[in-house]
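J.: Below: one structure in structure tokens.
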Amino acid sequence: MLRAALSYVDAGWPVVPGAMPANPRRAGRVWTLLGGGPPLECFCGQPDCHWPAAHPLSPDWADQHITTHQAATFWWDRPRGPLPNIMLCCGQAFDVWTAPGHVGSRTLDLMDAGVAPPAPVAISPTGQWHFFATPDRTDRPLRVPAGFGVTRLGAGCWIPAPPSDRGPAGRDRWLVPPHRWLPDAPAVAAAWSAPRAGQAAARTVDPQSPPVTPPDHGGRR
Ligand SMILES: [Zn+2]
């Protein structure tokens, strides 16, 4: 976990410590992930926790970005006790475009061949695909056609970073790890704007049984 946190700091990606799965032997509320995943108790203990083991520890996280080795080492180099998960802070060094799994896999197919291979992509254990791109700071933010379940996470949002621990669900992981290069947002969004993208979505979405994807990202908390 420390190595990952340091790599994000080195890349200029701000992080904050995140909630982790609670000790399963401790009495407390147990949440079942939407979609029928294994039960997960969140460290925060809040009965209305919407992002179990997937949100910043501090409500003031937006003002506590970690950008140095010293601060990262303080949080993620501990000899004992559970380590906090890692939350990446969006909107400063990158935006994240998050999509349900069935859309995410097709997105890679539809992205330009010059963009897709090196574009960083993380996959959550809850089935969300996270596409990293340069922050969209234009006056007219890109919009994704309705029906894809795609959401842009910019300033004021966070995303659980690999290898965050989601308890029985598993860990966040990189499908394509970052290599100090990000595609422009339009290059990523183009995959959802192309006419054939709509056809692909129509082929992969069964309206009778839409895939359920639990929320595993969020905005300001
Ligand atoms: Zn929580």
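In the structure tokens, the first chain shown is A, the next is B, and so on; residue numbers restart at 1 for each chain, and ligands run from 1 in the order shown.
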If you take only C-alpha atoms and all ligand atoms and a cut-off of 6 Å, which residues of chain A touch ligand 1, and what are their nearest atom pairs and distances in Å to one decimal, in chain and number order, as CSV?
T.:
residue,atom,partner,partner_atom_place_in_ligand_line,distance
A:Cys42,CA,ligand 1,1 (Zn),4.6
A:Phe43,CA,ligand 1,1 (Zn),5.9
A:Cys44,CA,ligand 1,1 (Zn),4.3
A:Gln46,CA,ligand 1,1 (Zn),6.0
A:Cys49,CA,ligand 1,1 (Zn),4.6
A:Trp51,CA,ligand 1,1 (Zn),5.7
A:Pro52,CA,ligand 1,1 (Zn),4.4
A:Ala53,CA,ligand 1,1 (Zn),5.7
J.: Need to verify the contact set: range 84-96 of chain A, 9 Å, only C-alpha atoms, exclusion of same-chain residues closer than 6 positions in sequence. Can you return it as number ranges by chain?
T.: A: 1, 4-5, 8, 11-21, 53-57, 61-62, 65, 75-76, 130-137, 151-166, 182, 185
J.: Keeping only N, CA and C atoms, write the selected residues to a file as a compact mmCIF listing (two decimals), in the first residue's frame.
T.:
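Dumped everything to again.txt:
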# COMPACT_ATOMS: atom_id res chain seq x y z
N MET A 1 0.84 -1.20 0.00
CA MET A 1 0.00 0.00 0.00
C MET A 1 0.88 1.26 0.00
N ALA A 4 2.31 1.99 -3.44
CA ALA A 4 1.31 2.58 -4.32
C ALA A 4 1.09 4.05 -3.99
N ALA A 5 0.97 4.36 -2.69
CA ALA A 5 0.74 5.75 -2.29
C ALA A 5 1.90 6.63 -2.76
N TYR A 8 1.74 7.35 -6.49
CA TYR A 8 0.75 8.38 -6.84
C TYR A 8 1.31 9.77 -6.53
N ALA A 11 3.71 10.85 -9.05
CA ALA A 11 3.07 11.22 -10.31
C ALA A 11 2.35 12.56 -10.22
N GLY A 12 2.32 13.12 -9.02
CA GLY A 12 1.60 14.38 -8.85
C GLY A 12 0.11 14.19 -8.66
N TRP A 13 -0.29 12.96 -8.29
CA TRP A 13 -1.70 12.66 -8.06
C TRP A 13 -1.96 12.76 -6.56
N PRO A 14 -2.74 13.75 -6.10
CA PRO A 14 -3.01 13.87 -4.66
C PRO A 14 -3.85 12.71 -4.15
N VAL A 15 -3.54 12.28 -2.94
CA VAL A 15 -4.26 11.18 -2.31
C VAL A 15 -4.69 11.61 -0.91
N VAL A 16 -5.64 10.89 -0.36
CA VAL A 16 -6.01 11.04 1.04
C VAL A 16 -6.28 9.64 1.59
N PRO A 17 -6.10 9.46 2.91
CA PRO A 17 -6.41 8.16 3.50
C PRO A 17 -7.92 7.89 3.45
N GLY A 18 -8.25 6.64 3.15
CA GLY A 18 -9.65 6.27 3.01
C GLY A 18 -10.08 5.23 4.00
N ALA A 19 -11.38 5.13 4.19
CA ALA A 19 -11.94 4.10 5.07
C ALA A 19 -11.57 2.72 4.54
N MET A 20 -11.41 1.82 5.46
CA MET A 20 -11.07 0.45 5.10
C MET A 20 -12.15 -0.48 5.67
N PRO A 21 -12.11 -1.75 5.29
CA PRO A 21 -13.07 -2.68 5.89
C PRO A 21 -12.82 -2.78 7.39
N ALA A 53 -15.86 1.22 2.79
CA ALA A 53 -14.43 1.04 2.50
C ALA A 53 -14.02 1.76 1.22
N ALA A 54 -14.72 2.83 0.87
CA ALA A 54 -14.42 3.50 -0.40
C ALA A 54 -14.67 5.00 -0.30
N HIS A 55 -14.37 5.58 0.85
CA HIS A 55 -14.52 7.03 0.98
C HIS A 55 -13.41 7.58 1.87
N PRO A 56 -13.14 8.88 1.77
CA PRO A 56 -12.08 9.45 2.63
C PRO A 56 -12.41 9.28 4.10
N LEU A 57 -11.35 9.14 4.90
CA LEU A 57 -11.56 9.01 6.34
C LEU A 57 -12.06 10.31 6.94
N TRP A 61 -11.43 16.09 3.86
CA TRP A 61 -10.40 15.52 2.99
C TRP A 61 -9.98 16.49 1.87
N ALA A 62 -10.95 17.29 1.39
CA ALA A 62 -10.64 18.14 0.23
C ALA A 62 -9.56 19.17 0.56
N HIS A 65 -5.15 17.18 1.04
CA HIS A 65 -4.49 16.38 0.01
C HIS A 65 -3.04 16.05 0.41
N TRP A 75 0.97 7.84 6.85
CA TRP A 75 -0.30 7.11 6.82
C TRP A 75 -0.14 5.63 6.43
N TRP A 76 0.80 5.35 5.53
CA TRP A 76 0.80 4.00 4.95
C TRP A 76 2.03 3.17 5.28
N HIS A 130 -12.76 2.58 -14.36
CA HIS A 130 -12.40 3.98 -14.18
C HIS A 130 -11.36 4.37 -15.23
N PHE A 131 -11.73 5.31 -16.10
CA PHE A 131 -10.83 5.79 -17.15
C PHE A 131 -10.26 7.13 -16.71
N PHE A 132 -8.95 7.23 -16.70
CA PHE A 132 -8.28 8.45 -16.26
C PHE A 132 -7.95 9.31 -17.48
N ALA A 133 -8.21 10.61 -17.35
CA ALA A 133 -7.95 11.54 -18.45
C ALA A 133 -7.53 12.88 -17.86
N THR A 134 -7.04 13.76 -18.73
CA THR A 134 -6.68 15.09 -18.26
C THR A 134 -7.94 15.79 -17.75
N PRO A 135 -7.79 16.68 -16.78
CA PRO A 135 -8.98 17.38 -16.26
C PRO A 135 -9.67 18.19 -17.35
N ASP A 136 -10.97 18.15 -17.32
CA ASP A 136 -11.77 18.90 -18.29
C ASP A 136 -12.08 20.26 -17.68
N ARG A 137 -11.32 21.26 -18.10
CA ARG A 137 -11.51 22.60 -17.53
C ARG A 137 -12.12 23.55 -18.55
N THR A 151 -20.14 8.44 -15.72
CA THR A 151 -20.10 9.64 -14.89
C THR A 151 -18.69 10.20 -14.88
N ARG A 152 -18.59 11.54 -15.01
CA ARG A 152 -17.28 12.18 -14.89
C ARG A 152 -17.07 12.60 -13.44
N LEU A 153 -15.92 12.26 -12.90
CA LEU A 153 -15.55 12.66 -11.54
C LEU A 153 -14.44 13.69 -11.66
N GLY A 154 -14.76 14.93 -11.31
CA GLY A 154 -13.78 16.01 -11.38
C GLY A 154 -13.51 16.58 -10.01
N ALA A 155 -13.29 17.88 -9.93
CA ALA A 155 -12.96 18.53 -8.66
C ALA A 155 -14.03 18.25 -7.63
N GLY A 156 -13.60 17.93 -6.41
CA GLY A 156 -14.53 17.64 -5.33
C GLY A 156 -14.93 16.18 -5.27
N CYS A 157 -14.37 15.36 -6.15
CA CYS A 157 -14.70 13.93 -6.16
C CYS A 157 -13.45 13.11 -5.84
N TRP A 158 -13.65 11.91 -5.44
CA TRP A 158 -12.55 10.98 -5.18
C TRP A 158 -12.84 9.65 -5.84
N ILE A 159 -11.80 8.83 -5.90
CA ILE A 159 -11.97 7.48 -6.45
C ILE A 159 -11.05 6.54 -5.65
N PRO A 160 -11.53 5.37 -5.25
CA PRO A 160 -10.64 4.43 -4.57
C PRO A 160 -9.52 3.99 -5.51
N ALA A 161 -8.30 4.01 -5.02
CA ALA A 161 -7.15 3.68 -5.85
C ALA A 161 -6.67 2.26 -5.58
N PRO A 162 -6.21 1.57 -6.61
CA PRO A 162 -5.55 0.29 -6.37
C PRO A 162 -4.36 0.50 -5.43
N PRO A 163 -4.09 -0.41 -4.52
CA PRO A 163 -4.79 -1.68 -4.26
C PRO A 163 -5.72 -1.59 -3.05
N SER A 164 -6.64 -0.65 -3.04
CA SER A 164 -7.53 -0.50 -1.89
C SER A 164 -8.29 -1.79 -1.62
N ASP A 165 -8.48 -2.04 -0.34
CA ASP A 165 -9.08 -3.29 0.14
C ASP A 165 -10.58 -3.10 0.34
N ARG A 166 -11.38 -3.90 -0.36
CA ARG A 166 -12.83 -3.83 -0.18
C ARG A 166 -13.36 -5.05 0.55
N LEU A 182 -1.57 10.86 -19.81
CA LEU A 182 -3.02 10.77 -19.75
C LEU A 182 -3.61 11.20 -21.08
N ALA A 185 -9.54 14.35 -22.29
CA ALA A 185 -10.91 13.92 -22.04
C ALA A 185 -11.70 13.66 -23.33
J.: Set the distance at 9 Å and use only C-alpha atoms: which residues neighbour Gly104 in chain A once local chain neighbours fewer than 3 positions away are removed? I'd like the list as a ChimeraX atom specification.
T.: /A:98-101,107-108,128-131,150
J.: Could you pull out the alpha helix (DSSP H) residues of range 54-111 of chain A from DSSP and send them as a PDB file with C-alpha atoms, in the first residue's frame?
T.:
ATOM      1  CA  HIS A  69       6.517  11.266   0.686  1.00  0.00           C
ATOM      2  CA  GLN A  70       6.608  12.310   4.318  1.00  0.00           C
ATOM      3  CA  ALA A  71       2.848  12.556   4.638  1.00  0.00           C
ATOM      4  CA  ALA A  72       2.250   9.378   2.643  1.00  0.00           C
ATOM      5  CA  THR A  73       4.719   7.485   4.816  1.00  0.00           C
ATOM      6  CA  PHE A  74       2.958   8.699   7.947  1.00  0.00           C
ATOM      7  CA  TRP A  75      -0.296   7.105   6.823  1.00  0.00           C
ATOM      8  CA  TRP A  76       0.797   4.001   4.952  1.00  0.00           C
ATOM      9  CA  GLY A 101     -18.232  -3.020 -16.486  1.00  0.00           C
ATOM     10  CA  HIS A 102     -20.177  -3.909 -19.613  1.00  0.00           C
ATOM     11  CA  VAL A 103     -19.703  -0.364 -20.935  1.00  0.00           C
ATOM     12  CA  GLY A 104     -16.101  -0.151 -19.798  1.00  0.00           C
ATOM     13  CA  SER A 105     -14.941  -3.175 -21.718  1.00  0.00           C
ATOM     14  CA  ARG A 106     -16.572  -1.912 -24.914  1.00  0.00           C
ATOM     15  CA  THR A 107     -15.094   1.520 -24.350  1.00  0.00           C
ATOM     16  CA  LEU A 108     -11.607   0.156 -24.764  1.00  0.00           C
ATOM     17  CA  ASP A 109     -12.673  -1.406 -28.061  1.00  0.00           C
ATOM     18  CA  LEU A 110     -14.114   1.883 -29.275  1.00  0.00           C
TER      19      LEU A 110
END
